[in-house]
>>> print(open('coords_35.cif').read())   # mmCIF, C-alpha atoms and all ligand atoms
data_structure
loop_
_atom_site.label_atom_id
_atom_site.label_comp_id
_atom_site.auth_asym_id
_atom_site.auth_seq_id
_atom_site.Cartn_x
_atom_site.Cartn_y
_atom_site.Cartn_z
CA MET A 277 -41.80 16.84 20.78
CA ASP A 278 -40.78 14.33 23.47
CA PHE A 279 -37.53 14.41 25.44
CA PRO A 280 -37.88 11.25 27.52
CA GLY A 281 -35.87 10.53 30.60
CA GLU A 282 -34.23 13.81 31.45
CA PRO A 283 -35.59 15.55 34.55
CA LEU A 284 -37.10 19.03 34.18
CA HIS A 285 -35.65 22.06 35.93
CA ASP A 286 -37.02 25.52 36.65
CA ILE A 287 -40.65 24.78 35.96
CA GLU A 288 -42.41 27.97 34.88
CA ILE A 289 -46.20 28.27 34.97
CA ARG A 290 -47.63 30.72 32.42
CA GLY A 291 -50.74 31.26 30.32
CA MET A 292 -51.14 29.18 27.16
CA THR A 293 -50.60 31.06 23.89
CA LEU A 294 -51.73 30.21 20.34
CA ASP A 295 -48.22 28.87 19.63
CA ASP A 296 -48.61 26.35 22.48
CA VAL A 297 -51.83 24.84 21.10
CA PRO A 298 -50.28 22.00 18.99
CA ALA A 299 -48.07 20.83 21.89
CA VAL A 300 -50.92 21.05 24.41
CA THR A 301 -53.27 19.17 22.06
CA ALA A 302 -50.67 16.40 21.55
CA LEU A 303 -50.17 16.12 25.31
CA ASP A 304 -53.92 15.86 25.86
CA ARG A 305 -54.28 13.23 23.12
CA ALA A 306 -51.63 11.06 24.80
CA ALA A 307 -53.29 11.39 28.22
CA GLY A 308 -56.48 9.42 27.82
CA PRO A 309 -60.08 9.41 26.63
CA ASN A 310 -61.96 12.41 25.16
CA PRO A 311 -59.02 14.56 24.07
CA TRP A 312 -59.79 18.03 22.75
CA THR A 313 -58.89 19.12 19.20
CA GLU A 314 -56.66 22.08 18.38
CA ASP A 315 -59.84 23.99 17.42
CA ILE A 316 -61.27 23.49 20.91
CA PHE A 317 -58.10 24.75 22.60
CA ARG A 318 -58.00 27.73 20.22
CA ARG A 319 -61.64 28.49 21.05
CA GLU A 320 -60.89 28.31 24.78
CA LEU A 321 -58.32 31.10 24.25
CA GLN A 322 -61.14 33.33 22.99
CA ILE A 323 -63.52 32.71 25.91
CA SER A 324 -62.96 35.34 28.58
CA ILE A 325 -63.90 33.06 31.50
CA SER A 326 -61.63 30.25 30.26
CA HIS A 327 -58.01 29.98 31.38
CA THR A 328 -55.32 27.50 30.38
CA LEU A 329 -51.96 27.48 32.15
CA VAL A 330 -48.98 25.52 30.89
CA ALA A 331 -46.06 24.16 32.94
CA VAL A 332 -42.86 24.70 30.97
CA GLY A 333 -39.68 22.92 32.00
CA ARG A 334 -36.07 23.48 31.01
CA GLN A 335 -34.13 20.64 29.43
CA GLU A 336 -30.79 20.33 27.65
CA GLN A 337 -32.63 20.20 24.32
CA GLY A 338 -34.79 23.26 25.05
CA ASP A 339 -37.99 24.18 26.83
CA GLN A 340 -40.83 21.69 26.90
CA ILE A 341 -44.49 21.89 27.93
CA ALA A 342 -44.79 19.21 30.60
CA GLY A 343 -48.39 19.81 31.62
CA PHE A 344 -51.40 22.07 31.46
CA ILE A 345 -54.57 22.93 33.34
CA THR A 346 -57.78 24.37 31.87
CA PHE A 347 -60.39 25.97 34.09
CA TRP A 348 -63.31 28.40 33.91
CA MET A 349 -63.98 31.17 36.39
CA VAL A 350 -67.75 31.59 36.56
CA ALA A 351 -69.48 33.85 39.11
CA ASP A 352 -67.95 32.87 42.49
CA GLU A 353 -66.73 29.48 41.28
CA VAL A 354 -63.67 28.03 39.56
CA GLN A 355 -64.50 24.94 37.47
CA LEU A 356 -61.67 22.57 36.58
CA HIS A 357 -62.02 21.17 33.05
CA LYS A 358 -58.69 19.44 32.43
CA ILE A 359 -55.36 18.81 34.09
CA VAL A 360 -52.70 16.74 32.34
CA VAL A 361 -49.03 16.07 33.02
CA ARG A 362 -46.81 14.30 30.48
CA ARG A 363 -46.38 10.69 31.56
CA GLN A 364 -42.57 10.79 31.92
CA HIS A 365 -42.79 13.88 34.16
CA GLN A 366 -45.55 12.67 36.47
CA GLY A 367 -44.80 12.33 40.17
CA GLN A 368 -42.61 15.49 40.22
CA GLY A 369 -45.22 17.83 41.72
CA ILE A 370 -46.12 19.50 38.41
CA ALA A 371 -49.89 18.98 38.76
CA ARG A 372 -49.70 20.32 42.30
CA LYS A 373 -47.97 23.49 41.00
CA LEU A 374 -50.56 23.97 38.24
CA PHE A 375 -53.39 23.39 40.69
CA GLN A 376 -51.93 25.88 43.17
CA VAL A 377 -51.56 28.62 40.55
CA MET A 378 -55.17 28.05 39.44
CA THR A 379 -56.27 28.33 43.08
CA ASP A 380 -54.21 31.49 43.67
CA GLN A 381 -55.61 33.15 40.56
CA ALA A 382 -59.17 32.26 41.56
CA LEU A 383 -58.62 33.60 45.10
CA ALA A 384 -57.09 36.79 43.68
CA CYS A 385 -60.26 37.25 41.60
CA GLY A 386 -62.40 36.90 44.74
CA LEU A 387 -63.75 33.42 43.96
CA SER A 388 -64.60 31.21 46.93
CA ARG A 389 -65.63 27.81 45.58
CA ALA A 390 -64.23 25.17 43.26
CA THR A 391 -65.92 22.30 41.46
CA LEU A 392 -64.88 19.49 39.15
CA GLU A 393 -65.90 16.06 37.93
CA VAL A 394 -63.65 13.02 37.69
CA ARG A 395 -63.88 9.38 36.63
CA ARG A 396 -64.41 7.12 39.63
CA THR A 397 -61.35 5.01 38.68
CA ASN A 398 -58.93 7.96 38.32
CA GLU A 399 -57.20 7.41 41.65
CA ALA A 400 -54.23 9.72 40.97
CA ALA A 401 -56.48 12.66 40.13
CA ILE A 402 -58.85 12.01 43.05
CA LYS A 403 -55.89 11.91 45.48
CA LEU A 404 -54.56 15.17 44.03
CA TYR A 405 -57.94 16.87 44.43
CA GLU A 406 -58.33 15.59 48.00
CA THR A 407 -55.01 17.17 48.99
CA PHE A 408 -56.55 20.50 47.89
CA GLY A 409 -59.57 19.93 50.13
CA TYR A 410 -62.01 18.64 47.51
CA ARG A 411 -64.70 16.29 48.73
CA ILE A 412 -67.23 14.17 46.79
CA THR A 413 -70.63 15.86 46.67
CA ALA A 414 -72.50 13.61 44.20
CA VAL A 415 -72.12 10.63 41.91
CA ARG A 416 -73.40 10.62 38.32
CA LYS A 417 -73.99 7.00 37.38
CA GLY A 418 -72.72 5.94 33.95
CA TYR A 419 -71.92 9.56 33.11
CA TYR A 420 -69.00 8.89 30.77
CA GLY A 421 -69.65 7.29 27.36
CA GLY A 422 -68.11 4.02 26.24
CA ALA A 423 -67.87 1.91 29.40
CA GLY A 424 -70.48 4.13 31.08
CA GLU A 425 -68.17 4.92 33.96
CA ASP A 426 -69.49 6.91 36.95
CA ALA A 427 -68.47 10.54 37.45
CA LEU A 428 -67.69 11.84 40.91
CA MET A 429 -68.67 15.47 41.43
CA MET A 430 -66.24 17.12 43.84
CA SER A 431 -66.13 20.58 45.36
CA ALA A 432 -64.04 22.62 47.77
CA GLU A 433 -63.86 25.96 49.49
CA LEU A 434 -60.83 27.72 48.02
CA ARG A 435 -57.93 28.09 50.43
CA PRO A 436 -54.46 29.65 50.13
CA ALA A 437 -51.55 27.20 49.94
CA ALA A 438 -50.52 27.92 53.54
CA LEU A 439 -53.75 26.37 54.85
CA LEU A 440 -53.50 23.14 52.86
CA LYS A 441 -52.33 19.84 54.28
CA HIS A 442 -49.93 17.94 52.01
C1 LIG A 501 -53.49 13.28 37.67
C2 LIG A 501 -52.18 13.88 37.17
C3 LIG A 501 -52.50 15.23 36.52
C4 LIG A 501 -51.20 14.06 38.36
O1 LIG A 501 -50.05 14.73 37.86
P1 LIG A 501 -48.61 14.67 38.64
O2 LIG A 501 -47.81 15.82 38.17
O3 LIG A 501 -48.04 13.33 38.50
O4 LIG A 501 -49.04 14.90 40.17
P2 LIG A 501 -48.10 15.47 41.32
O5 LIG A 501 -46.74 14.89 41.17
O6 LIG A 501 -48.21 16.95 41.36
O7 LIG A 501 -48.76 14.82 42.62
C5 LIG A 501 -49.61 15.59 43.47
C6 LIG A 501 -50.45 14.65 44.32
O8 LIG A 501 -51.39 13.93 43.49
C7 LIG A 501 -51.55 12.60 43.99
N1 LIG A 501 -51.04 11.65 42.99
C8 LIG A 501 -50.40 11.95 41.84
N2 LIG A 501 -50.13 10.82 41.14
C9 LIG A 501 -50.61 9.80 41.88
C10 LIG A 501 -50.66 8.39 41.68
N3 LIG A 501 -50.15 7.78 40.60
N4 LIG A 501 -51.28 7.63 42.64
C11 LIG A 501 -51.81 8.20 43.74
N5 LIG A 501 -51.79 9.54 43.97
C12 LIG A 501 -51.19 10.32 43.06
C13 LIG A 501 -50.75 12.52 45.27
O9 LIG A 501 -51.60 12.95 46.33
C14 LIG A 501 -49.67 13.55 45.02
O10 LIG A 501 -49.13 14.06 46.21
P3 LIG A 501 -47.83 13.33 46.88
O11 LIG A 501 -46.79 13.30 45.82
O12 LIG A 501 -47.50 14.23 48.02
O13 LIG A 501 -48.30 11.97 47.26
C15 LIG A 501 -51.48 12.92 36.14
O14 LIG A 501 -51.46 11.63 36.67
C16 LIG A 501 -52.12 12.89 34.76
O15 LIG A 501 -51.82 13.72 33.89
N6 LIG A 501 -53.02 11.91 34.52
C17 LIG A 501 -53.65 11.75 33.19
C18 LIG A 501 -54.66 12.86 32.92
C19 LIG A 501 -55.79 12.86 33.94
O16 LIG A 501 -56.31 11.83 34.31
N7 LIG A 501 -56.18 14.10 34.38
C20 LIG A 501 -57.27 14.28 35.34
C21 LIG A 501 -58.60 14.37 34.70
S1 LIG A 501 -58.69 15.70 33.52
#
>>> encode(input="coords_35.cif", output="structure tokens", more="lines below")
Ligand SMILES: CC(C)(COP(=O)(O)OP(=O)(O)OC[C@H]1O[C@@H](n2cnc3c(N)ncnc32)[C@H](O)[C@@H]1OP(=O)(O)O)[C@@H](O)C(=O)NCCC(=O)NCCS
Amino acid sequence: MDFPGEPLHDIEIRGMTLDDVPAVTALDRAAGPNPWTEDIFRRELQISISHTLVAVGRQEQGDQIAGFITFWMVADEVQLHKIVVRRQHQGQGIARKLFQVMTDQALACGLSRATLEVRRTNEAAIKLYETFGYRITAVRKGYYGGAGEDALMMSAELRPAALLKH
């Protein structure tokens, strides 16, 4: 369900539930290439190392999922798999909130490193990751199908919010 235009208030970040899966899948489908199916999101809920957080905003018409982040916590590392914010709510700091909660949860679990991969042309995402201290560690040429776009591999030492430069 889309409620265009109206700003969101009181953004709450919480874990995705089964009931959220259709809305999260629709959001992912609208975001760009290689969307996941509902089955994939449902399977993620059953994998103990997989975590999906949703950002829920208040609107006149009711609550709405404005974004989500999916990550895995493996050994000492958090691996970002997806982060998406609904187009009409981008630029309001929602991805930054999701990213910070992921980081806090990983730190609380004793993890020390973070890794991700991103399309070379995804400037918004790369900027976001850089503000959290991620740096490019490798380039995978032609990694993504279709246009054969390069993937940038990025990693960071995990740091509490207080140590980050915005
Ligand atoms: C990338 C994305 C998640 C950012 O979400 P967002 O909620 O708009 O981001 P925020 O408002 O929290 O911005 C946080 C920081 O990200 C960077 N950023 C976000 N959008 C940007 C843009 N269009 N251009 C440049 N930098 C941008 C900035 O550094 C920004 O900090 P600032 O506002 O202090 O400059 C969003 O654009 C999106 O959903 N894109 C489509 C899905 C996608 O490509 N996901 C990543 C790969 S899975």
>>> residues_near_ligand(input="coords_35.cif", ligand="ligand LIG 501 (chain A)", cutoff="8 Å", atoms="only C-alpha atoms and all ligand atoms", output="PyMOL selection string")
chain A and resi 304+307-308+343+357-363+365-373+394-395+398-407+442
>>> closest_residue(input="coords_35.cif", among="A:Gln381, A:Thr391, A:Gln364, A:Thr346", to="A:Glu320", atoms="all atoms listed in the file")
A:Thr346
>>> closest_residue(input="coords_35.cif", among="A:Ala414, A:Ile341, A:Ala384, A:Leu392", to="A:Ala302", atoms="all atoms listed in the file")
A:Ile341
>>> atom_distance(input="coords_35.cif", atom1="atom CA of A:Gly418", atom2="atom CA of A:Glu393")
12.8 Å
>>> closest_residue(input="coords_35.cif", among="A:Pro298, A:Gly422, A:Gly338, A:Pro436", to="A:Arg318", atoms="all atoms listed in the file")
A:Pro298
>>> closest_atom_pairs(input="coords_35.cif", of="stretch 334-372 of chain A", to="stretch 424-435 of chain A", cutoff="12 Å", atoms="all atoms listed in the file", output="Markdown table")
| residue | atom | partner | partner_atom | distance |
| --- | --- | --- | --- | --- |
| A:Asp352 | CA | A:Leu434 | CA | 10.4 |
| A:Glu353 | CA | A:Leu434 | CA | 9.1 |
| A:Val354 | CA | A:Leu434 | CA | 8.9 |
| A:Gln355 | CA | A:Ser431 | CA | 9.2 |
| A:Leu356 | CA | A:Ser431 | CA | 10.0 |
>>> closest_residue(input="coords_35.cif", among="A:Val330, A:Ser324, A:Ile412, A:Ala423", to="A:Asp295", atoms="all atoms listed in the file")
A:Val330
>>> atom_distance(input="coords_35.cif", atom1="atom CA of A:Ile325", atom2="atom CA of A:Leu374")
17.5 Å
>>> residues_around(input="coords_35.cif", residues="A:Ala382", least_positions_apart="5", cutoff="8 Å", atoms="only C-alpha atoms", output="number ranges by chain")
A: 349, 354, 387-388
>>> atom_distance(input="coords_35.cif", atom1="atom CA of A:Ala342", atom2="atom CA of A:Leu294")
16.6 Å
>>> closest_residue(input="coords_35.cif", among="A:His327, A:Arg334, A:Arg389, A:Arg411", to="A:His285", atoms="all atoms listed in the file")
A:Arg334
>>> closest_residue(input="coords_35.cif", among="A:Gly421, A:Val350, A:Leu284, A:Phe375", to="A:Ile323", atoms="all atoms listed in the file")
A:Val350
